[in-house]
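Chemist: I have a structure here, written as structure tokens, and I will follow up with some questions on it.
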Amino acid sequence: MSGPSIAHVARDGSGEWLTPHDLIQHLRGTAQRAAEFARPFHGEAWAERAALWHDLGKFQLAWQAYLRREIGYDDGFPFMELNGHPNHSTAGALLAMDRFPKLGRVLAYLIAGHHAGLYDWRSGEAGSGRDLAYRLEQGEARKELEDSLKADIPEEILFHSGSLPDLRNVPGGRNGFSLWVRMLFSCLVDADFLDTEAYMSPDKAQNRSAYPTLNELKQQFDAHMTELAANAEPTDVNKARASILEQCRAKATNAANLYTLTVPTGGGKTLASMAFALDHAITQGKDRIIYVIPYTSIIEQTAKVYRTAFGPLADAVIEHHSSAEDDGHDELSPAKLASENWDAPIVVTTNVQFFESLFAARTSRCRKLHNIANSVVVIDEAQMMHPNYWQPMMSALDLLRKHYGTTLVLSTATQPCFESVDHYTDPQKHRKGLDGAVELMDDPTCLYTQLKRVEVHLPRNFDARRPWEDIAAEISTYPSVLAIVNTRKDARELFTLMPEGTIHLSALMCGAHRTNVIADIKQKLKDGVPVRVVSTQLVEAGVDFDFPIVYRAMAGLDSIAQAAGRCNREGSLDMGHTHVFMPPKQAPIGMLRKGEDTSITLLTGYTGDPLDIDLFKKYFDHLYYNNELDQHGICQHLRMDGSLDGNTLAVNFRTAAELFKLIDNEDYVPVVVRYKKDENDNTVERGMAILRKGKPERWVMRSLQRYIVNVRRPDAMRLLNKGDLIEVLPGLFAQVADGLYHHTLGLQTDEVTLTPDQYLT
């Protein structure tokens with residue numbers, strides 16, 4: 001071989017070749033980073049060993065020749081006939097199996113998957129590309145290892161000193177094995193990315209910003225809160241918010257790792273929970289704060305609240321969600337880079353990003369996991385965690401707080417039953433939850449009484465469904481009113497019966513459109529201008545409307561409470577009124593129907609306050625009892641086969657990741673619509689022009705996110721056949737017909753059946 005083995009080669013800004021990235025140095029650098037990342041959960045030895053062997057296959061002569069040929073780098077290396085792309089991630093995995101018959105499988109998962117993602121051990125689909133055991137048994141794998149070992153590899157790489165720890169010390173034991181492997185995998189892939197980036201893209205590496213410390217952020221936040229308090233009117237609501245903030249701060253020095261924050265809607269949870277998280281993180285030595293929100297539709301609002309609070313230090317707050325926009329010039333921005341691995345002091349993200357990452361197999365999704373360790377995680381609107389995934393989510397959260405230094409805060413106005421339950425007659429209905437939580441409020445029941453601003457009026461007869469014409473006539477008697485219904489179709493039908501000037505909100509409107517309309521509604525409310533609104537439930541969390549009257553179609557008790565939270569929010573009236581009505585049809589089959597049925601069961605004959613704090617516990621207990629809390633058997637796929645002192649360790653990582661999908665969009669397709677935020681908005685035209693040239697750059701795709709409406713596949717195909725849509729990329733459609741997007745109703749299709757279960761992402 002001519003010269004040392006190389007891992008990467010790049011050119012400088014003038015096109016000249018840089019000194020190659022030495023392979024041995026890459027292995028050492030990656031190992032050092034990986035061990036550091038794994039230190040919070042004592043996984044240094046595993047992460048370091050996996051990193052030292054992860055690119056062992058690059059020592060093959062065939063791979064060295066391939067690298068040079070592909071990029072045109074000529075350093076005198078002998079020419080070789082090659083048959084395709086040589087694999088390089090099997091050699092280290094097979095070496096691990098040879099050297100450590102019982103423990104090597106852990107390393108094999110990490111090394112073999114560091115590009116393709118974690119594999120199943122035996123998926124039952126040998127040869128499918130997802131079965132690691134099959135891959136390691138092939139002759140090509142053995143040849144890759146043998147060819148790699150012919151190179152002059154330092155002893156310190158091949159025979160790294162020290163033994164691997166006993167697997168019986170895995171955090172959480174057998175039940176924690178799969179999460180532990182994914183955490184180690186995160187350490188390896190992030191270290192690999194960063195070490196490679198330091199050579200290939202030094203500008204990106206330098207822009208991974210030195211963020212302000214949590215202490216510096218706290219000083220800025222406290223100054224902002226002091227200013228808010230000084231300018232707040234002395235209303236009962238503001239006094240209650242001040243008390244909530246004080247109680248959160250008073251408990252921040254507690255060393256517990258699980259908290260609930262039970263505060264009525266409008267009580268200031270967003271800022272109070274951040275105050276707790278900052279103080280707790282500082283006193284308990286945590287590295288960052290991760291704020292998890294159920295909907296992309298409200299994440300920007302929350303991030304804006306925090307950026308305002310942190311003022312000149314606002315860049316410390318990063319958003320990570322599907323609709324985060326790029327302007328095409330910020331690929332090197334610190335916030336953009338930090339969204340890759342959550343290496344920032346404050347991360348605002350979605351349920352989808354957070355939980356699907358916890359169960360992911362792909363490298364890009366897993367990369368951030370190690371930065372969840374030793375953090376404070378605030379789960380806002382915690383009642384929105386999907387019941388069909390409840391058990392795997394609870395299991396992962398319990399492991400995080402018990403074994404990875406993570407503090408959890410479950411924040412909601414409608415606190416569910418997160419505790420374990422084992423008293424049912426049917427043991428199949430038992431559930432393992434989160435036990436021993438510390439409530440941040442001294443007396444939540446008293447707080448709810450103190451902040452009561454709304455009377456909820458229930459239907460007299462839950463069996464008497466009403467036509468939309470009667471409902472519209474009743475709602476129209478109020479000059480300012482918000483009506484919330486269950487589906488897009490319901491919103492359109494009710495809207496068409498309302499007086500002129502009524503405003504419509506649904507996910508048939510793209511995100512940019514909804515944002516403009518919501519801002520207009522808020523301004524009208526602030527100015528005292530009468531305004532009637534018909535909306536789907538997308539306004540029920542995070543949209544700070546303050547209507548005197550709210551109407552809510554029969555739904556889950558948590559949705560009723562959230563709707564009531566849009567009524568008399570600031571307490572300017574003696575009492576607001578929320579009316580629950582029976583729409584013409586039941587809610588669609590699925591979680592909406594189950595929520596409605598559960599509410600009717602609990603509320604039939606009930607004479608108390610529907611917003612009674614104790615009623616929520618009963619509601620969620622009934623809801624969970626009547627649901628499959630692990631509908632897709634994810635816990636079973638992640639349950640390790642065998643014992644920790646054996647040599648099986650079989651887990652179906654990839655299958656579990658594919659099954660854990662909080663939003664199932666398989667029956668829906670994205671359509672880019674022709675909407676302009678204002679006359680100067682050319683986002684869609686600019687993005688479509690680039691896409692038509694066949695250049696789907698990431699920044700373009702991200703900038704178009706807020707101009708997308710998800711449409712049922714059959715409707716999209718019909719519109720495509722009519723010529724109303726075009727398919728600009730496989731699976732991505734765009735509106736071309738004039739008039740298809742309505743300035744009030746959004747995208748028009750013949751059949752509107754998408755429910756909030758699908759569109760709230």
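FYI, nothing fancy with the structure tokens labels: chains A, B, ... in order, residues from 1 per chain, ligands from 1 as they appear.
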Taking the DSSP secondary structure from the backbone, can you list the residues of range 80-275 of chain A that are strand (DSSP E or B), as number ranges by chain?

Modeler: A: 120, 131, 258-262

Chemist: Restricting it to N, CA, C and O atoms, dump the selection as an mmCIF file, in the first residue's frame.

Modeler:
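Result written to result04.cif:
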```cif
data_model
loop_
_atom_site.group_PDB
_atom_site.id
_atom_site.type_symbol
_atom_site.label_atom_id
_atom_site.label_comp_id
_atom_site.auth_asym_id
_atom_site.auth_seq_id
_atom_site.Cartn_x
_atom_site.Cartn_y
_atom_site.Cartn_z
ATOM 1 N N ASP A 120 -32.434 -5.671 13.063
ATOM 2 C CA ASP A 120 -32.972 -6.777 13.844
ATOM 3 C C ASP A 120 -31.877 -7.841 13.926
ATOM 4 O O ASP A 120 -31.055 -7.960 13.019
ATOM 5 N N ASP A 131 -31.548 -8.190 8.622
ATOM 6 C CA ASP A 131 -31.247 -9.300 9.523
ATOM 7 C C ASP A 131 -29.742 -9.355 9.763
ATOM 8 O O ASP A 131 -28.980 -9.780 8.905
ATOM 9 N N LEU A 258 -38.856 12.981 38.933
ATOM 10 C CA LEU A 258 -40.159 12.940 38.281
ATOM 11 C C LEU A 258 -41.095 13.923 38.959
ATOM 12 O O LEU A 258 -41.314 13.847 40.175
ATOM 13 N N TYR A 259 -41.652 14.831 38.160
ATOM 14 C CA TYR A 259 -42.543 15.864 38.683
ATOM 15 C C TYR A 259 -43.789 15.953 37.803
ATOM 16 O O TYR A 259 -43.748 15.666 36.601
ATOM 17 N N THR A 260 -44.883 16.363 38.405
ATOM 18 C CA THR A 260 -46.063 16.759 37.646
ATOM 19 C C THR A 260 -46.307 18.234 37.906
ATOM 20 O O THR A 260 -46.056 18.740 39.007
ATOM 21 N N LEU A 261 -46.784 18.914 36.887
ATOM 22 C CA LEU A 261 -47.176 20.318 37.005
ATOM 23 C C LEU A 261 -48.626 20.397 36.545
ATOM 24 O O LEU A 261 -48.917 20.340 35.351
ATOM 25 N N THR A 262 -49.530 20.477 37.525
ATOM 26 C CA THR A 262 -50.961 20.438 37.250
ATOM 27 C C THR A 262 -51.540 21.827 37.460
ATOM 28 O O THR A 262 -51.775 22.257 38.594
#
```

Chemist: Give me, as a list in words, all polymer residues having an atom no more than 12 Å from Arg99 in chain A, counting only C-alpha atoms and skipping those fewer than 2 positions away in the same chain.

Modeler: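 Residues meeting the cut-off are Arg49, Trp53, Gly92, Ala93, Leu94, Leu95, Ala96, Met97, Pro101, Lys102, Leu103, Gly104, Arg105, Leu107, Ala108, Leu158, Phe159, His160, Ser163 and Leu164 of chain A.
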
Chemist: Store the residues picked out above in a file with all heavy atoms, as a compact mmCIF listing (two decimals), in the first residue's frame.

Modeler:
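File produced: result-v3.txt:
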```txt
# COMPACT_ATOMS: atom_id res chain seq x y z
N ARG A 49 -14.86 1.04 22.52
CA ARG A 49 -14.48 -0.15 21.76
C ARG A 49 -15.22 -0.17 20.41
O ARG A 49 -14.63 -0.49 19.38
CB ARG A 49 -14.81 -1.41 22.55
CG ARG A 49 -14.32 -2.69 21.91
CD ARG A 49 -12.80 -2.78 21.97
NE ARG A 49 -12.35 -2.80 23.34
CZ ARG A 49 -11.97 -3.89 24.01
NH1 ARG A 49 -11.99 -5.05 23.40
NH2 ARG A 49 -11.55 -3.80 25.26
N TRP A 53 -13.45 0.15 16.38
CA TRP A 53 -13.61 -0.88 15.36
C TRP A 53 -14.66 -0.54 14.31
O TRP A 53 -14.89 -1.32 13.39
CB TRP A 53 -14.00 -2.22 16.02
CG TRP A 53 -12.89 -2.84 16.84
CD1 TRP A 53 -11.59 -2.43 16.93
CD2 TRP A 53 -13.01 -3.98 17.69
NE1 TRP A 53 -10.88 -3.23 17.79
CE2 TRP A 53 -11.72 -4.20 18.27
CE3 TRP A 53 -14.04 -4.83 18.03
CZ2 TRP A 53 -11.46 -5.24 19.16
CZ3 TRP A 53 -13.79 -5.88 18.91
CH2 TRP A 53 -12.51 -6.08 19.48
N GLY A 92 -15.60 -4.92 11.60
CA GLY A 92 -15.52 -4.67 13.04
C GLY A 92 -16.57 -5.43 13.82
O GLY A 92 -16.32 -5.91 14.93
N ALA A 93 -17.78 -5.55 13.23
CA ALA A 93 -18.85 -6.30 13.90
C ALA A 93 -18.48 -7.77 14.04
O ALA A 93 -18.68 -8.39 15.09
CB ALA A 93 -20.15 -6.15 13.11
N LEU A 94 -17.90 -8.33 12.98
CA LEU A 94 -17.52 -9.74 13.02
C LEU A 94 -16.33 -9.96 13.96
O LEU A 94 -16.27 -10.96 14.68
CB LEU A 94 -17.17 -10.21 11.62
CG LEU A 94 -17.12 -11.72 11.39
CD1 LEU A 94 -18.43 -12.37 11.80
CD2 LEU A 94 -16.81 -12.02 9.92
N LEU A 95 -15.39 -9.01 14.00
CA LEU A 95 -14.27 -9.10 14.93
C LEU A 95 -14.79 -9.12 16.37
O LEU A 95 -14.30 -9.88 17.21
CB LEU A 95 -13.31 -7.94 14.73
CG LEU A 95 -12.10 -7.92 15.67
CD1 LEU A 95 -11.19 -9.12 15.42
CD2 LEU A 95 -11.31 -6.61 15.51
N ALA A 96 -15.80 -8.29 16.64
CA ALA A 96 -16.39 -8.26 17.99
C ALA A 96 -16.99 -9.61 18.35
O ALA A 96 -16.84 -10.10 19.48
CB ALA A 96 -17.45 -7.17 18.07
N MET A 97 -17.66 -10.24 17.40
CA MET A 97 -18.26 -11.55 17.65
C MET A 97 -17.17 -12.61 17.88
O MET A 97 -17.34 -13.51 18.70
CB MET A 97 -19.14 -11.95 16.47
CG MET A 97 -20.32 -11.02 16.23
SD MET A 97 -21.62 -11.14 17.48
CE MET A 97 -22.30 -12.74 17.07
N PRO A 101 -17.37 -13.79 22.44
CA PRO A 101 -18.49 -14.66 22.06
C PRO A 101 -19.81 -14.31 22.74
O PRO A 101 -20.87 -14.45 22.15
CB PRO A 101 -18.00 -16.05 22.47
CG PRO A 101 -16.50 -15.95 22.43
CD PRO A 101 -16.18 -14.56 22.88
N LYS A 102 -19.74 -13.85 24.00
CA LYS A 102 -20.99 -13.54 24.71
C LYS A 102 -21.35 -12.06 24.63
O LYS A 102 -22.52 -11.70 24.63
CB LYS A 102 -20.86 -13.95 26.18
CG LYS A 102 -20.86 -15.46 26.39
CD LYS A 102 -20.95 -15.78 27.88
CE LYS A 102 -21.06 -17.29 28.09
NZ LYS A 102 -21.18 -17.64 29.52
N LEU A 103 -20.37 -11.19 24.59
CA LEU A 103 -20.62 -9.75 24.66
C LEU A 103 -20.55 -9.08 23.29
O LEU A 103 -21.00 -7.94 23.14
CB LEU A 103 -19.61 -9.08 25.59
CG LEU A 103 -19.47 -9.67 27.00
CD1 LEU A 103 -18.45 -8.87 27.80
CD2 LEU A 103 -20.81 -9.68 27.72
N GLY A 104 -19.98 -9.76 22.32
CA GLY A 104 -19.71 -9.13 21.04
C GLY A 104 -20.92 -8.69 20.29
O GLY A 104 -20.84 -7.78 19.45
N ARG A 105 -22.06 -9.32 20.57
CA ARG A 105 -23.25 -8.94 19.82
C ARG A 105 -23.64 -7.49 20.07
O ARG A 105 -24.16 -6.81 19.18
CB ARG A 105 -24.42 -9.87 20.17
CG ARG A 105 -25.61 -9.68 19.26
CD ARG A 105 -26.66 -10.75 19.46
NE ARG A 105 -26.16 -12.06 19.12
CZ ARG A 105 -26.93 -13.15 19.15
NH1 ARG A 105 -28.20 -13.06 19.54
NH2 ARG A 105 -26.44 -14.32 18.83
N LEU A 107 -21.57 -4.96 20.50
CA LEU A 107 -20.72 -4.18 19.61
C LEU A 107 -21.12 -4.38 18.15
O LEU A 107 -21.04 -3.44 17.34
CB LEU A 107 -19.25 -4.57 19.81
CG LEU A 107 -18.67 -4.33 21.21
CD1 LEU A 107 -17.26 -4.88 21.30
CD2 LEU A 107 -18.70 -2.85 21.56
N ALA A 108 -21.54 -5.60 17.82
CA ALA A 108 -21.93 -5.87 16.43
C ALA A 108 -23.13 -5.02 16.02
O ALA A 108 -23.17 -4.49 14.90
CB ALA A 108 -22.24 -7.36 16.27
N LEU A 158 -6.55 -2.93 17.59
CA LEU A 158 -7.06 -4.30 17.54
C LEU A 158 -7.20 -4.94 18.90
O LEU A 158 -8.12 -5.74 19.14
CB LEU A 158 -6.13 -5.17 16.67
CG LEU A 158 -6.17 -4.92 15.17
CD1 LEU A 158 -5.19 -5.85 14.47
CD2 LEU A 158 -7.57 -5.13 14.63
N PHE A 159 -6.29 -4.63 19.80
CA PHE A 159 -6.30 -5.28 21.11
C PHE A 159 -6.33 -4.21 22.20
O PHE A 159 -5.43 -4.12 23.02
CB PHE A 159 -5.07 -6.17 21.27
CG PHE A 159 -4.99 -7.25 20.25
CD1 PHE A 159 -4.21 -7.09 19.11
CD2 PHE A 159 -5.70 -8.43 20.40
CE1 PHE A 159 -4.14 -8.08 18.15
CE2 PHE A 159 -5.64 -9.43 19.44
CZ PHE A 159 -4.86 -9.26 18.31
N HIS A 160 -7.36 -3.40 22.15
CA HIS A 160 -7.49 -2.31 23.11
C HIS A 160 -7.52 -2.88 24.53
O HIS A 160 -8.20 -3.86 24.82
CB HIS A 160 -8.77 -1.53 22.84
CG HIS A 160 -8.94 -0.33 23.72
ND1 HIS A 160 -8.09 0.73 23.69
CD2 HIS A 160 -9.87 -0.06 24.66
CE1 HIS A 160 -8.49 1.63 24.57
NE2 HIS A 160 -9.58 1.17 25.17
N SER A 163 -11.15 -4.91 29.75
CA SER A 163 -12.23 -5.83 29.41
C SER A 163 -13.54 -5.08 29.36
O SER A 163 -13.67 -3.97 29.89
CB SER A 163 -12.30 -6.96 30.44
OG SER A 163 -12.55 -6.41 31.73
N LEU A 164 -14.52 -5.69 28.73
CA LEU A 164 -15.85 -5.09 28.68
C LEU A 164 -16.59 -5.36 29.98
O LEU A 164 -16.47 -6.44 30.56
CB LEU A 164 -16.63 -5.66 27.50
CG LEU A 164 -16.11 -5.27 26.11
CD1 LEU A 164 -16.87 -6.04 25.04
CD2 LEU A 164 -16.23 -3.77 25.88
```

Chemist: Env of Val305 in chain A: 9 Å cut, atoms = only C-alpha atoms, seq-sep filter 4 positions within chain, self excluded. Answer as a PyMOL selection string.

Modeler: chain A and resi 270-271+300-301+309-310

Chemist: Can you tell me, as a PyMOL selection string, what residues are no more than 9 Å from range 625-640 of chain A when counting only C-alpha atoms, ignoring any on the same chain fewer than 6 positions away?

Modeler: chain A and resi 174-179+386-392+395+429-431+594+598+648-653+655-657+659-660

Chemist: Looking at only C-alpha atoms, which of A:Pro548, A:Leu538, A:Arg69, A:Ile289 is the one that sits closest to His85 in chain A?

Modeler: A:Arg69

Chemist: Ile290 in chain A: which residues within 8 Å, counting only C-alpha atoms, same-chain residues fewer than 5 positions away excluded, as a ChimeraX atom specification?

Modeler: /A:346-349,372,375-378

Chemist: Under the rule that only C-alpha atoms are counted, which of A:Asp435, A:Asp422, A:Asp222, A:Asp558 is the nearest residue to Leu408 in chain A?

Modeler: A:Asp435

Chemist: Please determine, counting only C-alpha atoms, which residue among A:Ala382, A:Leu729, A:Val181, A:Ile708 has the shortest atom-to-atom distance to Asn351 in chain A.

Modeler: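 Closest residue, counting only C-alpha atoms: A:Ala382.
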
Chemist: With only C-alpha atoms as the basis for distance, which of A:Arg249, A:His26, A:Lys617, A:Lys204 is at the shortest distance from Ala191 in chain A?

Modeler: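 Result for the nearest residue to Ala191 in chain A: A:His26.
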